[in-house]
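**Q** Sending over a structure as structure tokens; questions will come in a sec.
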Amino acid sequence: MPLRPPARAPHWLTDRRAFLRDAGTGLGGIALAALLAEHGLLAGDAASPLRPDIKPDAPLGAREPHFAPKAKRVLVVFCSGAVSHVDTFDYKPELVKRDGQPLPGGDKLVTFQGAQGNLVKPIWAFKPRGQSGKMVSDLLPHLAGLADEMCFVHSMTAKSNTHGPAENQMSTGFTLDGFPSAGAWVSYALGSENKDLPAFVAIPDPRGVPQVGPNNWGSAFLPGVFQGTPFGADKPIPHLARPAGVNEKADADTRDFLKLLNAEHAQARGGDSQLSARIASYEMAARMQLRAAEVADLSKEPARVHAEYGTDDKDRWKSGFARNCLLARRLLERDVRFVQLFNGAYAMGEGVGNWDGHKTIKPQYETHAAVLDRPLAALLTDLKRTGLLKDTLVVWVTEFGRMPTFQKGASGRDHNPKGFTVWLAGAGVKRAFSHGATDDFGYEAADKRATIYDLHATVLHLLGLNHERLSFYHNGIERRLTDVHGEVLRDVLA
């Protein structure tokens, strides 16, 4: 009698196959669930599961902060290249006294580009400014005149002495690539009060972009809708104009018809959050087509405003940055949540189009200061005059400072992340106030040492956000702008 196969496979074989099958599909399921959660696509939600208040069809809708904010919006002015604090805002009488002498204890110190020379006093004279008598140098006379509006942090430190990683840290909190910018975090947390413009706009210098470029305004692992939109007064968002031969009525009718088709398409596929988010992004783009062109049209500004900013200067870099400053004010007054304004670019080479003054700091800085000073001072004055400074936080930053010595064989200062200056103005911060200090020579933070984590925590706090609660689940980690660090700089708060 022929042998017949058993009615079922042996128990041990069935279990082993089942185990391997379940293990394989189970791990795949875990990976899929992690990806869906990361992009907020679990349970029909188009945002992170940590933010159920983010609506799939309106991801940039305004959201409530953790507590009552002092600031509604933020302007970050980023001077790329590393501005010398000892030549601008950090006055050191001892540095003047010991000009030409070696840095005490620095005989074997090797800085970023090599051996250093002797101490060199500030290249531009410092003078007391305003009612506070704050000492600011003649390099930036227009900004110096606004010293009473500023809240200085003189003890800032950075983790890297290299431009790229240091730019990353100032904008994202991390020296490595792949992390969301501060503006993206704010957009993710709070959305926008303006339905027709981006929540986050980055304005590159007319001379080009900073060294790490889009890292400064990218969203990394946050949903892409929260990344910054880069454009400037002279380089507006492309492809906004209607094609030739299409009149305004036909354009409007086409948008209305498309909106009807999209609504029917979404209704037929009820609950598809990805589709709703995609439709929302296209509708936002259509609204931007109308509003972005209007906000970038500076011709509507009075002649006196153009004169204050210097938009008609014959030097194209001065007039270009002036127009960008005016654009920044127009974005802020239309409730764009986060505006990042850059001064300095790297395409032109070391120190030529940026503040990286290694070799010949005096002529280079006088060029850059002439671009920055008048327009930025006009912007601050304009924000105060219009009342916007009451609920707008202005943050002036650079990626690190510079040495109190000159480089050996050169007429410039090397990189220095051990101590430098940033300043804030406007909503929620003290006027004419200084936090912390560097040592007698401006070399190293010596009192109330501050980190970029602290700066970010403070900015978020002024927006009504607890930096320890603002997180996003990515690769098995609850990520934060401040990583696992950061303390709010309480004594700068008004």
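Starting from 1 in every chain, residues are counted up; chains themselves are A, B, ... following the order of the structure tokens, and ligands are numbered from 1 as listed.
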Show me a table, sorted first by chain and then by increasing residue number, of the residues of stretch 310-379 of chain A having an atom at most 12 Å from stretch 100-121 of chain A, each with its shortest atom pair and the distance in Å to one decimal, counting only C-alpha atoms and written as a Markdown table.

**A**
```
| residue | atom | partner | partner_atom | distance |
| --- | --- | --- | --- | --- |
| A:Asp356 | CA | A:Gln113 | CA | 11.9 |
| A:Gly357 | CA | A:Gln113 | CA | 11.8 |
| A:His358 | CA | A:Gln113 | CA | 8.6 |
| A:Lys359 | CA | A:Gln113 | CA | 10.6 |
| A:Ile361 | CA | A:Val120 | CA | 11.8 |
```

**Q** Would you please give, as number ranges by chain, all residues of stretch 246-457 of chain A that DSSP assigns to alpha helix (DSSP H) based on the backbone?

**A** A: 248-268, 273-295, 303-309, 316-333, 361-385, 452-457

**Q** Within 8 Å of stretch 194-201 of chain A, counting only C-alpha atoms, which residues qualify if same-chain residues fewer than 5 places away don't, as a PyMOL selection string?

**A** chain A and resi 60-61+183-184+187+226-231+284+287-288+291-292+334-340

**Q** Just the residues within 10 Å of A:Arg316, please, counting only C-alpha atoms, with nothing from its chain fewer than 5 positions along; format it as a VMD selection string.

**A** chain A and resid 206 to 207 311 321 to 322 371

**Q** So that I can see what lies close to A:Val459, please list as number ranges by chain the residues with an atom at most 12 Å from it, counting only C-alpha atoms and leaving out residues fewer than 3 positions away in the same chain.

**A** A: 69-76, 182-183, 185-186, 338, 392-396, 423-429, 452-456, 462-467, 481-482, 486-490, 492-493

**Q** Calculated over only C-alpha atoms, which of the candidates A:Leu222, A:Leu258, A:Val352, A:Ala296 has the smallest distance to A:Tyr473?

**A**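 Selected residue with least distance to A:Tyr473: A:Leu222.
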
**Q** Mind checking which residues fall within 6 Å of A:Ala437, counting only C-alpha atoms, ignoring those fewer than 2 positions away in the same chain, and posting them as a PyMOL selection string?

**A** chain A and resi 154-155+445-447

**Q** Which residue, A:Glu167, A:Glu444, A:Asp297, A:Glu264, has the smallest gap to A:Gly213 when you use only C-alpha atoms?

**A**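 Under the stated criterion, the closest residue is A:Glu167.
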
**Q** Rounded to one decimal place, report the atom CA of A:Asn324-atom CA of A:Val77 distance in Å.

**A** 11.2 Å

**Q** Can you list every residue in stretch 86-140 of chain A that DSSP puts in strand (DSSP E), as a PyMOL selection string?

**A** chain A and resi 110-111+114-119+126-129+134-137

**Q** Of the residues A:Val153, A:Thr254, A:Phe179, A:Leu139, which is the one nearest to A:Thr367, using only C-alpha atoms?

**A** A:Leu139

**Q** Could you jot down the atom CA of A:Gly387 to atom CA of A:Arg431 separation for me, Å, one decimal place?

**A**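 These atoms are spaced 15.6 Å apart.
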
**Q** Given only C-alpha atoms as the basis, pick out the residue of A:Lys408, A:Lys97, A:Arg255, A:Lys92 nearest to A:Val136.

**A**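 Counting only C-alpha atoms, the residue closest to A:Val136 is A:Lys92.
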
**Q** Given the choices A:Ser299, A:Ala147, A:Glu333, A:Gly310, which gets closest to A:Thr386 if the distance is worked out from only C-alpha atoms?

**A**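 With only C-alpha atoms as the atom set, the closest residue is A:Glu333.
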
**Q** Mind pulling up the distance from atom CA of A:Met170 to atom CA of A:Leu332?

**A** 21.5 Å

**Q** Check the smallest atom-to-atom distance from each of A:Ala347, A:Ala158, A:Ala410, A:Leu341 to A:Ala450 using only C-alpha atoms, then report the winner.

**A**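 Ranking A:Ala347, A:Ala158, A:Ala410, A:Leu341 by distance to A:Ala450, first place goes to A:Ala158.
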
**Q** Can you pull out the residues contacting A:Arg480? Cut-off 8 Å, using only C-alpha atoms, and skip same-chain residues under 4 positions away; I want them as a list of chain:residue names.

**A**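 Everything that qualifies: A:His467, A:Glu468, A:Leu470, A:Ser471, A:Phe472, A:Val484.
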
**Q** Could you save those same residues with N, CA, C and O atoms as an mmCIF file, in the first residue's frame?

**A**
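This went into part_35.cif:
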```cif
data_model
loop_
_atom_site.group_PDB
_atom_site.id
_atom_site.type_symbol
_atom_site.label_atom_id
_atom_site.label_comp_id
_atom_site.auth_asym_id
_atom_site.auth_seq_id
_atom_site.Cartn_x
_atom_site.Cartn_y
_atom_site.Cartn_z
ATOM 1 N N HIS A 467 10.310 74.369 26.155
ATOM 2 C CA HIS A 467 11.205 73.646 25.242
ATOM 3 C C HIS A 467 11.307 72.169 25.592
ATOM 4 O O HIS A 467 11.650 71.341 24.731
ATOM 5 N N GLU A 468 10.996 71.782 26.816
ATOM 6 C CA GLU A 468 11.057 70.378 27.203
ATOM 7 C C GLU A 468 9.813 69.619 26.770
ATOM 8 O O GLU A 468 9.833 68.383 26.698
ATOM 9 N N LEU A 470 8.119 70.507 23.814
ATOM 10 C CA LEU A 470 8.048 70.560 22.354
ATOM 11 C C LEU A 470 8.962 69.487 21.777
ATOM 12 O O LEU A 470 10.184 69.642 21.744
ATOM 13 N N SER A 471 8.378 68.377 21.325
ATOM 14 C CA SER A 471 9.191 67.262 20.844
ATOM 15 C C SER A 471 8.512 66.585 19.665
ATOM 16 O O SER A 471 7.337 66.829 19.364
ATOM 17 N N PHE A 472 9.270 65.721 19.008
ATOM 18 C CA PHE A 472 8.755 64.972 17.860
ATOM 19 C C PHE A 472 9.435 63.601 17.856
ATOM 20 O O PHE A 472 10.665 63.513 17.951
ATOM 21 N N VAL A 484 18.775 67.471 25.008
ATOM 22 C CA VAL A 484 18.455 67.182 26.412
ATOM 23 C C VAL A 484 19.030 68.280 27.306
ATOM 24 O O VAL A 484 19.295 68.063 28.489
#
```
